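Engineer: Contents are compact mmCIF, C-alpha atoms; file name structure.txt:
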```
# COMPACT_ATOMS: atom_id res chain seq x y z
CA MET A 1 -32.66 -188.69 20.69
CA SER A 2 -32.31 -184.97 21.21
CA ILE A 3 -29.47 -182.65 21.99
CA ILE A 4 -29.87 -179.73 24.31
CA SER A 5 -30.13 -176.44 22.42
CA ARG A 6 -27.53 -174.26 24.11
CA GLY A 7 -29.20 -171.28 25.76
CA PHE A 8 -32.74 -172.31 24.87
CA GLY A 9 -35.15 -172.03 27.76
CA GLY A 10 -38.43 -171.90 25.90
CA ARG A 11 -41.36 -169.75 26.79
CA ARG A 12 -43.61 -172.71 27.65
CA ARG A 13 -46.60 -170.50 27.60
CA GLU A 14 -49.32 -172.46 29.35
CA PRO A 15 -47.99 -176.00 29.29
CA SER A 16 -50.99 -178.22 28.91
CA PRO A 17 -51.68 -181.95 28.90
CA ALA A 18 -54.17 -181.18 26.12
CA LEU A 19 -51.28 -180.39 23.76
CA PRO A 20 -50.06 -183.30 21.60
CA PRO A 21 -46.28 -183.70 21.19
CA GLY A 22 -44.56 -180.92 19.25
CA GLN A 23 -47.56 -178.58 19.34
CA TYR A 24 -47.79 -175.09 20.80
CA LEU A 25 -50.81 -173.10 21.85
CA ALA A 26 -52.14 -170.50 19.42
CA HIS A 27 -54.42 -167.75 20.61
CA ASP A 28 -55.42 -166.50 17.19
CA PHE A 29 -56.81 -168.77 14.50
CA PRO A 30 -54.13 -169.17 11.84
CA VAL A 31 -55.20 -169.82 8.27
CA LEU A 32 -53.54 -172.49 6.18
CA SER A 33 -54.50 -173.39 2.66
CA ALA A 34 -52.75 -174.20 -0.56
CA GLY A 35 -54.41 -171.63 -2.79
CA PRO A 36 -56.87 -168.76 -2.95
CA THR A 37 -59.96 -168.83 -0.76
CA PRO A 38 -63.03 -169.95 -2.77
CA ARG A 39 -66.16 -167.92 -2.03
CA ILE A 40 -69.27 -170.06 -2.43
CA PRO A 41 -72.67 -168.39 -2.02
CA GLN A 42 -75.05 -170.44 0.11
CA GLU A 43 -77.60 -170.62 -2.71
CA ARG A 44 -75.05 -172.42 -4.88
CA TRP A 45 -73.76 -174.66 -2.13
CA LYS A 46 -74.43 -178.38 -2.32
CA PHE A 47 -73.07 -181.33 -0.42
CA THR A 48 -73.01 -184.82 -1.94
CA ILE A 49 -72.08 -188.23 -0.62
CA THR A 50 -71.25 -190.57 -3.51
CA THR A 51 -71.10 -194.27 -2.72
CA GLU A 52 -68.70 -196.76 -4.26
CA VAL A 53 -71.45 -197.82 -6.70
CA GLY A 54 -72.11 -194.25 -7.77
CA GLU A 55 -75.27 -193.62 -5.76
CA LYS A 56 -75.53 -189.96 -4.79
CA HIS A 57 -77.09 -188.32 -1.74
CA THR A 58 -77.25 -184.55 -2.08
CA TRP A 59 -78.29 -181.76 0.27
CA ASP A 60 -78.63 -178.09 -0.61
CA TRP A 61 -78.07 -175.37 1.98
CA ALA A 62 -81.69 -175.26 3.17
CA GLU A 63 -81.92 -179.03 3.46
CA PHE A 64 -78.55 -179.27 5.15
CA THR A 65 -79.15 -176.61 7.77
CA ALA A 66 -82.56 -178.13 8.52
CA LEU A 67 -80.86 -181.33 9.72
CA PRO A 68 -80.36 -181.79 13.45
CA ALA A 69 -77.23 -179.85 14.38
CA GLU A 70 -74.90 -180.13 17.36
CA GLU A 71 -72.86 -177.65 19.33
CA ILE A 72 -69.31 -178.96 19.50
CA THR A 73 -66.41 -177.81 21.68
CA VAL A 74 -63.13 -179.44 20.71
CA ASP A 75 -59.36 -178.95 20.57
CA ILE A 76 -57.82 -178.66 17.10
CA HIS A 77 -54.26 -179.43 16.09
CA CYS A 78 -52.59 -178.20 12.91
CA VAL A 79 -49.63 -180.07 11.44
CA THR A 80 -47.79 -176.73 11.24
CA LYS A 81 -47.56 -177.08 15.04
CA TRP A 82 -50.22 -174.77 16.42
CA SER A 83 -53.08 -176.08 18.49
CA LYS A 84 -56.17 -174.26 19.64
CA LEU A 85 -58.06 -175.54 22.64
CA GLY A 86 -61.77 -175.39 23.33
CA THR A 87 -62.93 -174.16 19.92
CA SER A 88 -66.70 -174.06 19.53
CA TRP A 89 -68.57 -175.04 16.40
CA LYS A 90 -72.02 -175.91 15.20
CA GLY A 91 -72.57 -178.57 12.61
CA VAL A 92 -74.19 -181.78 11.48
CA ALA A 93 -72.70 -185.07 12.67
CA LEU A 94 -71.58 -187.37 9.89
CA ASP A 95 -73.62 -190.06 11.66
CA THR A 96 -76.73 -188.09 10.72
CA LEU A 97 -75.71 -187.83 7.07
CA PHE A 98 -74.75 -191.50 6.81
CA GLU A 99 -78.10 -192.66 8.23
CA GLU A 100 -79.50 -192.71 4.71
CA VAL A 101 -76.36 -193.99 2.97
CA GLU A 102 -75.81 -197.65 2.16
CA THR A 103 -72.11 -198.29 1.70
CA ALA A 104 -69.56 -201.08 1.96
CA GLY A 105 -66.62 -198.70 1.42
CA ASP A 106 -64.19 -198.43 4.33
CA TYR A 107 -62.47 -195.25 3.14
CA VAL A 108 -63.63 -191.78 2.24
CA MET A 109 -62.19 -189.09 0.00
CA ALA A 110 -63.43 -185.66 1.02
CA HIS A 111 -63.70 -183.19 -1.86
CA SER A 112 -63.83 -179.41 -1.67
CA TYR A 113 -64.75 -176.43 -3.77
CA GLY A 114 -61.42 -175.37 -5.27
CA GLY A 115 -60.29 -178.94 -5.82
CA TYR A 116 -58.81 -179.89 -2.43
CA THR A 117 -59.08 -183.52 -1.37
CA THR A 118 -58.19 -185.49 1.75
CA ASN A 119 -58.63 -189.14 2.68
CA VAL A 120 -60.09 -190.51 5.93
CA PRO A 121 -61.17 -193.98 7.07
CA LEU A 122 -64.96 -194.09 7.38
CA GLU A 123 -64.75 -195.23 11.00
CA ASP A 124 -63.03 -191.94 11.86
CA LEU A 125 -66.08 -190.04 10.65
CA LEU A 126 -68.70 -191.98 12.61
CA ASP A 127 -69.71 -192.45 16.26
CA GLY A 128 -69.69 -188.76 17.08
CA LYS A 129 -66.13 -188.19 15.87
CA ALA A 130 -66.75 -185.83 12.95
CA TRP A 131 -69.09 -183.14 11.68
CA ILE A 132 -69.78 -180.85 8.75
CA ALA A 133 -69.50 -177.52 10.58
CA TYR A 134 -71.06 -174.27 9.40
CA GLU A 135 -70.71 -172.03 12.45
CA TYR A 136 -67.60 -171.08 14.41
CA ASP A 137 -67.82 -169.25 17.73
CA GLY A 138 -71.51 -168.52 17.17
CA GLU A 139 -70.99 -166.92 13.76
CA PRO A 140 -71.37 -168.25 10.22
CA LEU A 141 -68.10 -169.89 9.27
CA HIS A 142 -65.88 -167.34 7.50
CA PRO A 143 -64.62 -168.32 4.02
CA GLU A 144 -60.98 -168.09 5.18
CA HIS A 145 -61.73 -170.81 7.69
CA GLY A 146 -63.64 -172.98 5.25
CA GLY A 147 -67.12 -171.51 5.07
CA PRO A 148 -69.89 -172.00 4.09
CA ALA A 149 -69.10 -175.43 5.59
CA ARG A 150 -66.08 -177.55 6.42
CA LEU A 151 -65.31 -180.99 7.71
CA LEU A 152 -64.42 -181.08 11.38
CA ILE A 153 -62.42 -184.15 12.46
CA PRO A 154 -60.74 -182.86 15.60
CA HIS A 155 -58.94 -186.07 16.53
CA LEU A 156 -56.81 -185.88 13.37
CA TYR A 157 -54.43 -183.13 12.21
CA PHE A 158 -56.49 -180.26 10.93
CA TRP A 159 -55.64 -180.66 7.24
CA LYS A 160 -58.05 -183.61 7.37
CA SER A 161 -60.84 -181.18 8.31
CA ALA A 162 -61.30 -180.12 4.69
CA LYS A 163 -62.40 -176.51 4.21
CA TRP A 164 -65.13 -175.64 1.67
CA VAL A 165 -66.15 -179.29 1.63
CA ASP A 166 -68.65 -180.18 -1.09
CA GLY A 167 -68.74 -183.95 -0.92
CA LEU A 168 -67.51 -187.32 0.24
CA ARG A 169 -66.68 -190.16 -2.10
CA MET A 170 -66.70 -193.70 -0.69
CA MET A 171 -63.80 -195.97 -1.61
CA HIS A 172 -62.91 -199.62 -1.00
CA GLU A 173 -59.18 -198.85 -0.78
CA ASP A 174 -57.39 -195.96 0.89
CA GLU A 175 -56.03 -193.37 -1.56
CA PRO A 176 -53.95 -190.27 -0.85
CA GLY A 177 -55.58 -186.85 -1.03
CA PHE A 178 -53.90 -183.53 -1.77
CA TRP A 179 -51.44 -183.15 1.12
CA GLU A 180 -51.07 -186.89 1.55
CA ASP A 181 -49.84 -187.02 -2.03
CA ALA A 182 -47.39 -184.21 -1.20
CA GLY A 183 -45.63 -186.14 1.54
CA TYR A 184 -47.98 -185.83 4.50
CA HIS A 185 -49.17 -188.80 6.54
CA MET A 186 -52.06 -190.93 5.27
CA TYR A 187 -53.78 -190.96 8.68
CA GLY A 188 -52.47 -187.97 10.67
CA ASP A 189 -52.91 -188.74 14.37
CA PRO A 190 -51.49 -185.76 16.33
CA TRP A 191 -50.97 -187.86 19.48
CA ARG A 192 -48.69 -190.21 17.56
CA GLU A 193 -47.19 -187.20 15.73
CA GLN A 194 -48.00 -188.64 12.31
CA ARG A 195 -47.06 -185.51 10.40
CA TYR A 196 -45.26 -186.79 7.36
CA HIS A 197 -45.07 -189.89 5.22
CA GLY A 198 -43.13 -192.49 7.19
CA ASP A 199 -43.97 -191.18 10.69
CA MET B 1 -28.58 -182.95 13.10
CA ALA B 2 -27.44 -179.69 11.56
CA THR B 3 -24.38 -177.63 12.45
CA VAL B 4 -24.64 -173.88 12.09
CA ARG B 5 -21.90 -172.87 9.67
CA SER B 6 -22.61 -169.15 9.75
CA ALA B 7 -25.19 -166.61 10.86
CA THR B 8 -25.63 -163.39 8.91
CA TRP B 9 -27.93 -160.46 9.56
CA GLU B 10 -30.06 -159.54 6.54
CA THR B 11 -31.93 -156.70 8.24
CA ALA B 12 -32.13 -155.45 11.83
CA SER B 13 -34.51 -158.31 12.66
CA ALA B 14 -33.91 -161.07 10.13
CA ARG B 15 -30.94 -163.41 10.15
CA THR B 16 -29.83 -166.09 7.73
CA LEU B 17 -28.48 -169.31 9.19
CA ALA B 18 -26.40 -171.52 6.93
CA LEU B 19 -26.69 -175.11 8.11
CA ASP B 20 -24.44 -178.03 7.32
CA ILE B 21 -26.69 -181.08 7.30
CA PRO B 22 -25.01 -184.45 6.74
CA ASP B 23 -26.64 -186.64 4.08
CA TRP B 24 -28.92 -183.84 2.91
CA PRO B 25 -30.85 -185.34 -0.03
CA GLY B 26 -31.30 -182.01 -1.82
CA HIS B 27 -34.51 -180.01 -1.98
CA LEU B 28 -36.85 -178.19 -4.30
CA PRO B 29 -37.21 -174.41 -4.01
CA GLY B 30 -40.24 -173.68 -1.84
CA GLN B 31 -39.76 -176.60 0.55
CA HIS B 32 -39.17 -176.08 4.26
CA ILE B 33 -37.44 -177.73 7.18
CA ASP B 34 -38.72 -178.38 10.67
CA ILE B 35 -36.51 -177.22 13.52
CA ARG B 36 -36.73 -178.70 16.98
CA LEU B 37 -35.21 -177.04 20.02
CA THR B 38 -34.76 -178.82 23.34
CA ALA B 39 -34.30 -177.08 26.69
CA GLU B 40 -32.17 -178.58 29.45
CA ASP B 41 -35.21 -180.01 31.20
CA GLY B 42 -36.41 -181.75 28.04
CA TYR B 43 -38.99 -179.16 27.00
CA GLN B 44 -39.19 -178.97 23.22
CA ALA B 45 -40.48 -176.51 20.67
CA GLN B 46 -40.80 -177.09 16.93
CA ARG B 47 -41.35 -174.71 14.05
CA SER B 48 -41.14 -174.82 10.26
CA TYR B 49 -38.87 -172.52 8.25
CA SER B 50 -38.74 -172.12 4.49
CA ILE B 51 -35.44 -172.89 2.83
CA ALA B 52 -33.83 -169.86 1.19
CA SER B 53 -30.98 -171.55 -0.61
CA ALA B 54 -31.00 -173.60 -3.80
CA GLY B 55 -28.72 -176.31 -5.07
CA PRO B 56 -25.81 -177.94 -3.23
CA GLY B 57 -23.98 -176.43 -0.30
CA PRO B 58 -25.27 -175.51 3.14
CA VAL B 59 -29.01 -175.28 3.65
CA GLU B 60 -29.95 -171.69 4.43
CA ILE B 61 -32.98 -170.41 6.27
CA SER B 62 -33.76 -166.77 6.98
CA VAL B 63 -35.58 -166.13 10.23
CA GLN B 64 -37.59 -163.02 11.00
CA ARG B 65 -37.61 -162.28 14.73
CA LEU B 66 -41.16 -162.18 16.14
CA GLU B 67 -41.05 -160.15 19.35
CA ASP B 68 -43.42 -162.49 21.19
CA GLY B 69 -42.07 -165.59 19.49
CA GLU B 70 -40.59 -168.57 21.23
CA VAL B 71 -38.28 -170.03 18.59
CA SER B 72 -37.50 -167.15 16.22
CA PRO B 73 -35.76 -164.89 18.81
CA TYR B 74 -33.57 -167.85 19.74
CA LEU B 75 -32.58 -168.39 16.10
CA THR B 76 -31.95 -164.70 15.44
CA ASP B 77 -30.30 -163.66 18.70
CA VAL B 78 -28.82 -166.68 20.48
CA VAL B 79 -27.61 -169.24 17.97
CA GLU B 80 -23.96 -168.96 16.90
CA ALA B 81 -21.77 -170.65 14.35
CA GLY B 82 -20.82 -174.11 15.57
CA ASP B 83 -24.10 -174.74 17.41
CA GLN B 84 -26.04 -177.86 16.62
CA ILE B 85 -29.72 -177.80 15.74
CA GLU B 86 -32.10 -180.70 15.25
CA VAL B 87 -33.70 -180.47 11.82
CA ARG B 88 -35.99 -182.53 9.68
CA GLY B 89 -36.70 -182.24 6.01
CA PRO B 90 -36.98 -181.24 3.32
CA VAL B 91 -40.76 -181.09 3.71
CA GLY B 92 -43.55 -180.02 1.38
CA GLY B 93 -44.36 -180.95 -2.19
CA TRP B 94 -46.92 -178.36 -3.32
CA PHE B 95 -45.48 -174.89 -2.85
CA VAL B 96 -42.49 -175.72 -5.02
CA TRP B 97 -41.13 -174.52 -8.32
CA ARG B 98 -39.58 -177.05 -10.66
CA SER B 99 -36.85 -175.79 -12.95
CA GLU B 100 -38.08 -178.01 -15.79
CA SER B 101 -41.32 -175.99 -15.90
CA THR B 102 -41.41 -173.51 -18.77
CA ALA B 103 -44.41 -171.43 -17.61
CA PRO B 104 -43.93 -167.77 -16.72
CA VAL B 105 -43.88 -167.19 -12.98
CA THR B 106 -45.29 -164.39 -10.84
CA LEU B 107 -43.85 -164.31 -7.32
CA VAL B 108 -45.64 -162.22 -4.69
CA ALA B 109 -43.86 -161.80 -1.35
CA GLY B 110 -45.02 -160.08 1.81
CA GLY B 111 -42.22 -159.46 4.34
CA SER B 112 -40.28 -162.61 5.16
CA GLY B 113 -42.53 -164.41 2.65
CA ILE B 114 -39.66 -163.64 0.29
CA VAL B 115 -37.67 -166.60 1.65
CA PRO B 116 -39.09 -169.53 -0.37
CA LEU B 117 -39.52 -167.27 -3.40
CA MET B 118 -35.83 -166.33 -3.19
CA ALA B 119 -35.03 -170.05 -3.30
CA MET B 120 -36.98 -170.19 -6.59
CA ILE B 121 -35.09 -167.20 -8.01
CA ARG B 122 -31.79 -168.74 -6.94
CA ALA B 123 -32.71 -172.13 -8.42
CA ARG B 124 -33.59 -170.46 -11.71
CA GLY B 125 -30.27 -168.63 -11.61
CA LEU B 126 -28.35 -171.85 -10.94
CA ALA B 127 -30.08 -173.60 -13.82
CA ALA B 128 -29.50 -170.53 -16.05
CA GLY B 129 -33.26 -170.68 -16.54
CA ARG B 130 -34.95 -168.48 -19.11
CA GLN B 131 -38.48 -168.73 -17.67
CA PRO B 132 -39.93 -165.22 -17.42
CA PHE B 133 -39.99 -164.37 -13.70
CA ARG B 134 -41.63 -161.38 -12.07
CA LEU B 135 -41.18 -160.69 -8.37
CA ILE B 136 -43.46 -158.31 -6.48
CA TYR B 137 -42.03 -157.81 -2.99
CA SER B 138 -44.00 -155.88 -0.36
CA VAL B 139 -42.09 -154.52 2.65
CA ARG B 140 -42.77 -151.91 5.27
CA THR B 141 -39.68 -149.81 4.62
CA PRO B 142 -36.55 -150.05 2.45
CA ALA B 143 -34.61 -151.21 5.53
CA ASP B 144 -36.83 -154.31 5.78
CA VAL B 145 -35.81 -155.77 2.42
CA ILE B 146 -34.22 -159.18 2.94
CA TYR B 147 -31.55 -160.10 0.35
CA ALA B 148 -31.64 -156.47 -0.84
CA GLU B 149 -28.23 -156.48 -2.55
CA GLU B 150 -28.70 -159.84 -4.19
CA ILE B 151 -32.14 -158.96 -5.51
CA ARG B 152 -30.85 -155.72 -7.01
CA ARG B 153 -27.92 -157.55 -8.56
CA ARG B 154 -30.07 -160.36 -9.97
CA ALA B 155 -32.62 -157.91 -11.37
CA VAL B 156 -29.77 -156.74 -13.59
CA SER B 157 -27.84 -159.93 -14.19
CA ASP B 158 -30.52 -162.66 -14.34
CA PRO B 159 -32.11 -162.41 -17.79
CA GLY B 160 -35.90 -162.29 -17.68
CA LEU B 161 -36.20 -161.49 -13.99
CA ASP B 162 -38.22 -158.36 -13.21
CA VAL B 163 -38.50 -156.99 -9.69
CA HIS B 164 -41.00 -154.53 -8.28
CA PHE B 165 -41.04 -153.33 -4.68
CA VAL B 166 -44.13 -152.22 -2.77
CA TYR B 167 -43.43 -150.07 0.32
CA THR B 168 -46.25 -149.89 2.83
CA ARG B 169 -44.83 -147.51 5.49
CA ALA B 170 -41.89 -145.58 4.06
CA VAL B 171 -40.48 -145.31 0.55
CA PRO B 172 -36.86 -144.82 -0.56
CA ASP B 173 -35.65 -141.33 -1.47
CA GLY B 174 -36.85 -140.40 -4.92
CA TRP B 175 -39.54 -143.14 -5.07
CA PRO B 176 -42.29 -141.83 -7.34
CA ALA B 177 -45.26 -142.74 -5.11
CA PRO B 178 -46.26 -142.54 -1.45
CA PRO B 179 -46.37 -145.71 0.70
CA ALA B 180 -49.20 -148.02 -0.36
CA ARG B 181 -50.38 -151.57 0.03
CA ILE B 182 -50.46 -154.13 -2.73
CA SER B 183 -53.43 -153.50 -5.02
CA VAL B 184 -55.20 -154.61 -8.17
CA ALA B 185 -53.07 -152.10 -10.07
CA THR B 186 -49.83 -153.51 -8.62
CA LEU B 187 -50.57 -157.07 -9.62
CA ASN B 188 -52.08 -156.06 -12.95
CA THR B 189 -49.07 -153.93 -13.87
CA HIS B 190 -46.21 -155.91 -12.40
CA GLY B 191 -47.43 -159.53 -12.59
CA TRP B 192 -47.90 -161.55 -15.77
CA PRO B 193 -51.33 -161.24 -17.35
CA PRO B 194 -53.68 -164.23 -16.96
CA ASP B 195 -53.49 -164.90 -20.72
CA PHE B 196 -49.86 -165.95 -20.26
CA GLU B 197 -51.05 -168.63 -17.82
CA PRO B 198 -48.31 -167.94 -15.28
CA ASP B 199 -47.76 -169.99 -12.18
CA CYS B 200 -48.29 -167.65 -9.24
CA PHE B 201 -46.59 -168.18 -5.89
CA VAL B 202 -47.79 -166.00 -3.02
CA CYS B 203 -46.14 -166.09 0.41
CA GLY B 204 -46.49 -163.88 3.45
CA PRO B 205 -48.69 -163.17 6.44
CA THR B 206 -52.25 -164.46 6.16
CA SER B 207 -53.93 -161.12 5.47
CA PHE B 208 -51.39 -160.28 2.78
CA VAL B 209 -51.79 -163.66 1.09
CA GLU B 210 -55.58 -163.47 1.23
CA THR B 211 -55.52 -160.04 -0.39
CA ALA B 212 -53.01 -160.92 -3.10
CA ALA B 213 -54.63 -164.26 -3.96
CA ASP B 214 -58.09 -162.68 -4.12
CA ILE B 215 -56.77 -160.03 -6.50
CA LEU B 216 -55.13 -162.64 -8.74
CA VAL B 217 -58.43 -164.55 -8.93
CA ALA B 218 -60.33 -161.34 -9.67
CA LEU B 219 -57.86 -160.51 -12.45
CA GLY B 220 -58.76 -163.82 -14.09
CA HIS B 221 -55.96 -166.13 -13.01
CA ASP B 222 -56.92 -169.79 -12.72
CA PRO B 223 -57.11 -170.49 -8.95
CA LYS B 224 -55.37 -173.81 -9.59
CA ARG B 225 -52.27 -171.95 -10.77
CA ILE B 226 -52.11 -169.84 -7.61
CA ARG B 227 -50.09 -171.52 -4.88
CA THR B 228 -50.03 -169.94 -1.46
CA GLU B 229 -48.03 -170.27 1.71
CA ARG B 230 -49.36 -168.39 4.70
CA PHE B 231 -47.76 -167.83 8.03
CA GLY B 232 -49.39 -166.67 11.19
CA GLY B 233 -49.20 -167.34 14.88
CA ALA B 234 -45.88 -167.21 16.66
```
As structure tokens, what does this structure read like?

Structural biologist:
Amino acid sequence: MSIISRGFGGRRREPSPALPPGQYLAHDFPVLSAGPTPRIPQERWKFTITTEVGEKHTWDWAEFTALPAEEITVDIHCVTKWSKLGTSWKGVALDTLFEEVETAGDYVMAHSYGGYTTNVPLEDLLDGKAWIAYEYDGEPLHPEHGGPARLLIPHLYFWKSAKWVDGLRMMHEDEPGFWEDAGYHMYGDPWREQRYHGD
Amino acid sequence: MATVRSATWETASARTLALDIPDWPGHLPGQHIDIRLTAEDGYQAQRSYSIASAGPGPVEISVQRLEDGEVSPYLTDVVEAGDQIEVRGPVGGWFVWRSESTAPVTLVAGGSGIVPLMAMIRARGLAAGRQPFRLIYSVRTPADVIYAEEIRRRAVSDPGLDVHFVYTRAVPDGWPAPPARISVATLNTHGWPPDFEPDCFVCGPTSFVETAADILVALGHDPKRIRTERFGGA
């Protein structure tokens, strides 16, 4: 149910079927994070998957960037209402990382340098749906945008694509991460406009 | 559904809308609302705006007009008292100040980033809080200061509230320094030292927030005590 906003025409810059409900097209790349930008030198960077029984799989920067990488072009949608279409990234598919991981956990908590967390069902990370990205637009990923490496889960609101990611922890039950605990949706599907708790 | 009770210019390009929202559950300073506009043909646009007010009474937002914006020029230039606006909220549980907290607070505002920080100052005033507050407010020129009169008044009347302005393009008559951007010296001199373990709230355009937050980290503040709210895009 909506009322007409008297005198509002809207700019409707480039209406697009690629835009989920309530989103508008951004031409720059806005930055959104809850605190200062951590700056992690590549030589200190590590990425660890920890299973529900505590088994750890760790990659350092050299090992990680030696894995088969993919070029990805995807649309991204931020819960603060901007979307950016056709962004190009390079990164390692989560399928590749999970090849060596034995797990019965259905849920994942992503952890980041700086303490950020976000929860995702494992099935949303597999089958070519998610990556750990370390290049944006042909350049090393800038710290403001999550470099050295960030999660990239383009089919969910972008807060799920944790910046400065340093690990994944497998869980049997779904648990809220940082924004989810602060009132945002547990799953975050932009096409169903799952912005906040209760959507 | 909100009804616009009043619309008041704060500067030449920023306007405060006071909204009557039935069944408003109350909010914490720092939270925002989502506004949804609908055109006659059903086209909709949504944006988030920080709440400026604290406590009971109408919910106030202050909107800075972005020249190429879609929603902000409507809210600054078209909306009138009596209009209805679709709103949702309050939203956000991280960039908030709680009046039961006793920690000192450093507030760093860039431009219209003052809005949620003003809600914190007002909430502290309402609660007759004694938490030591320091506000560092960066603006282009003296004419761009939102809530100018109230800030000057509170700097005198609210005990323990210190205010420092940074002018980046033009300074007031008699100001002792030329225009300058926020710097290590600004935050070192006019914010609380890291030893006091203040909570730091930084709000403004992305580049401003990046700069200020980086400086706070470099000065030795615990990154976990630095909360940021960035705005960009249109």

Engineer: Could you tell me how far atom CA of A:Gly105 sits from atom CA of A:Glu70, in Å to one decimal place?

Structural biologist: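 Going from atom CA of A:Glu70 over to atom CA of A:Gly105 covers 25.8 Å.
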
Engineer: Set the distance at 9 Å and use only C-alpha atoms: which residues neighbour A:Arg39 once local chain neighbours fewer than 4 positions away are removed? I'd like the list as a PyMOL selection string.

Structural biologist: chain A and resi 113+143-144+147-148+164

Engineer: Using all atoms listed in the file, find the one residue out of A:Ile3, A:Ile76, A:Leu126, A:Ala110 that sits nearest to A:Leu25.

Structural biologist: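 Closest to A:Leu25, using all atoms listed in the file: A:Ile76.
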
Engineer: Within 8 Å of chain A, which residues of chain B show up? Give each one with its shortest atom-to-atom distance in Å (one decimal) and the two atoms involved, counting all atoms listed in the file, rows by chain then rising residue number, as CSV.

Structural biologist:
```
residue,atom,partner,partner_atom,distance
B:Leu37,CA,A:Ser5,CA,5.7
B:Thr38,CA,A:Ile4,CA,5.1
B:Ala39,CA,A:Gly9,CA,5.2
B:Glu40,CA,A:Ile4,CA,5.7
B:Gly42,CA,A:Ile4,CA,7.8
B:Tyr43,CA,A:Gly10,CA,7.4
B:Gln44,CA,A:Gly22,CA,7.0
B:Ala45,CA,A:Gly22,CA,6.2
B:Gln46,CA,A:Gly22,CA,5.8
B:Arg47,CA,A:Lys81,CA,6.7
B:Ser48,CA,A:Thr80,CA,7.0
B:Glu70,CA,A:Arg11,CA,5.7
B:Val71,CA,A:Gly10,CA,7.5
B:Tyr74,CA,A:Phe8,CA,6.8
B:Val78,CA,A:Gly7,CA,7.0
B:Val79,CA,A:Arg6,CA,7.9
B:Asp83,CA,A:Arg6,CA,7.5
B:Gln84,CA,A:Ser5,CA,7.2
B:Ile85,CA,A:Ser5,CA,6.8
B:Glu86,CA,A:Ser2,CA,7.3
B:Val91,CA,A:Gly183,CA,7.3
B:Gly92,CA,A:Ala182,CA,6.2
B:Gly93,CA,A:Ala182,CA,4.6
B:Trp94,CA,A:Ala182,CA,6.2
B:Phe95,CA,A:Ala34,CA,7.7
B:Thr206,CA,A:Val31,CA,6.5
B:Glu210,CA,A:Pro36,CA,6.9
B:Ala213,CA,A:Pro36,CA,5.1
B:Asp214,CA,A:Pro36,CA,6.3
B:Val217,CA,A:Pro36,CA,7.5
B:Pro223,CA,A:Pro36,CA,6.2
B:Lys224,CA,A:Gly35,CA,7.2
B:Ile226,CA,A:Gly35,CA,5.6
B:Arg227,CA,A:Gly35,CA,4.8
B:Thr228,CA,A:Gly35,CA,4.9
B:Glu229,CA,A:Ala34,CA,6.5
B:Arg230,CA,A:Leu32,CA,6.0
B:Phe231,CA,A:Pro30,CA,7.5
B:Gly232,CA,A:Pro30,CA,5.4
B:Gly233,CA,A:Pro30,CA,6.1
B:Ala234,CA,A:Ala26,CA,7.6
```

Engineer: So that I can check the surroundings of A:Gln194, please list as a short mmCIF file (atom, residue, chain, number, x, y, z; two decimals) with C-alpha atoms, keeping the file's coordinate frame every protein, DNA and RNA residue that reaches within 10 Å of it, counting all atoms listed in the file and ignoring chain neighbours fewer than 6 positions away.

Structural biologist:
```cif
data_model
loop_
_atom_site.label_atom_id
_atom_site.label_comp_id
_atom_site.auth_asym_id
_atom_site.auth_seq_id
_atom_site.Cartn_x
_atom_site.Cartn_y
_atom_site.Cartn_z
CA VAL A 79 -49.63 -180.07 11.44
CA LEU A 156 -56.81 -185.88 13.37
CA TYR A 157 -54.43 -183.13 12.21
CA TYR A 184 -47.98 -185.83 4.50
CA HIS A 185 -49.17 -188.80 6.54
CA MET A 186 -52.06 -190.93 5.27
CA TYR A 187 -53.78 -190.96 8.68
CA GLY A 188 -52.47 -187.97 10.67
#
```

Engineer: Take the point (-72.6, -184.9, -2.9) in the file's coordinates, draw a sphere of radius 7 Å around it, and report as number ranges by chain every protein, DNA or RNA residue with an atom inside or on it, counting all atoms listed in the file.

Structural biologist: A: 46-50, 56-58, 166-168

Engineer: Which residue out of A:Lys163, A:Asp75, A:Glu100, A:Arg44 has the minimum interatomic distance to A:His142 when all atoms listed in the file are used?

Structural biologist: A:Lys163

Engineer: Step by step: start from the point (-81.6, -170.1, -1.5) in the file's coordinates, keep every protein, DNA or RNA residue that has an atom no farther than 8 Å from it, count only C-alpha atoms, and write the set as a PyMOL selection string.

Structural biologist: chain A and resi 42-44+61-62

Engineer: Please define a box with edges along x, y and z of the file around all atoms of stretch 124-135 of chain A given in the file, extend it by 5 Å on each side, and return its centre and edge lengths in Å to one decimal, as lines of an AutoDock Vina configuration file.

Structural biologist:
```
center_x = -67.0
center_y = -182.2
center_z = 12.9
size_x = 18.0
size_y = 30.4
size_z = 18.3
```

Engineer: Which residues are near B:Arg124? Cut-off 9 Å, only C-alpha atoms, ignore same chain within fewer than 5 positions. Put them as a list in words.

Structural biologist: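 Those residues are Ala54, Arg98, Ser99, Ala119, Gly129, Arg130, Gln131 and Asp158 of chain B.
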
Engineer: Neighbouring residues of A:Pro20 were defined as those with any atom within 9 Å, considering all atoms listed in the file; residues of the same chain fewer than 5 positions away were excluded. Please report them as a PDB file with C-alpha atoms, in the frame of the given file.

Structural biologist:
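File produced: part11.pdb:
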```pdb
ATOM      1  CA  HIS A  77     -54.260-179.430  16.090  1.00  0.00           C
ATOM      2  CA  SER A  83     -53.080-176.080  18.490  1.00  0.00           C
ATOM      3  CA  PRO A 190     -51.490-185.760  16.330  1.00  0.00           C
ATOM      4  CA  TRP A 191     -50.970-187.860  19.480  1.00  0.00           C
ATOM      5  CA  ARG A 192     -48.690-190.210  17.560  1.00  0.00           C
ATOM      6  CA  GLU A 193     -47.190-187.200  15.730  1.00  0.00           C
TER       7      GLU A 193
END
```
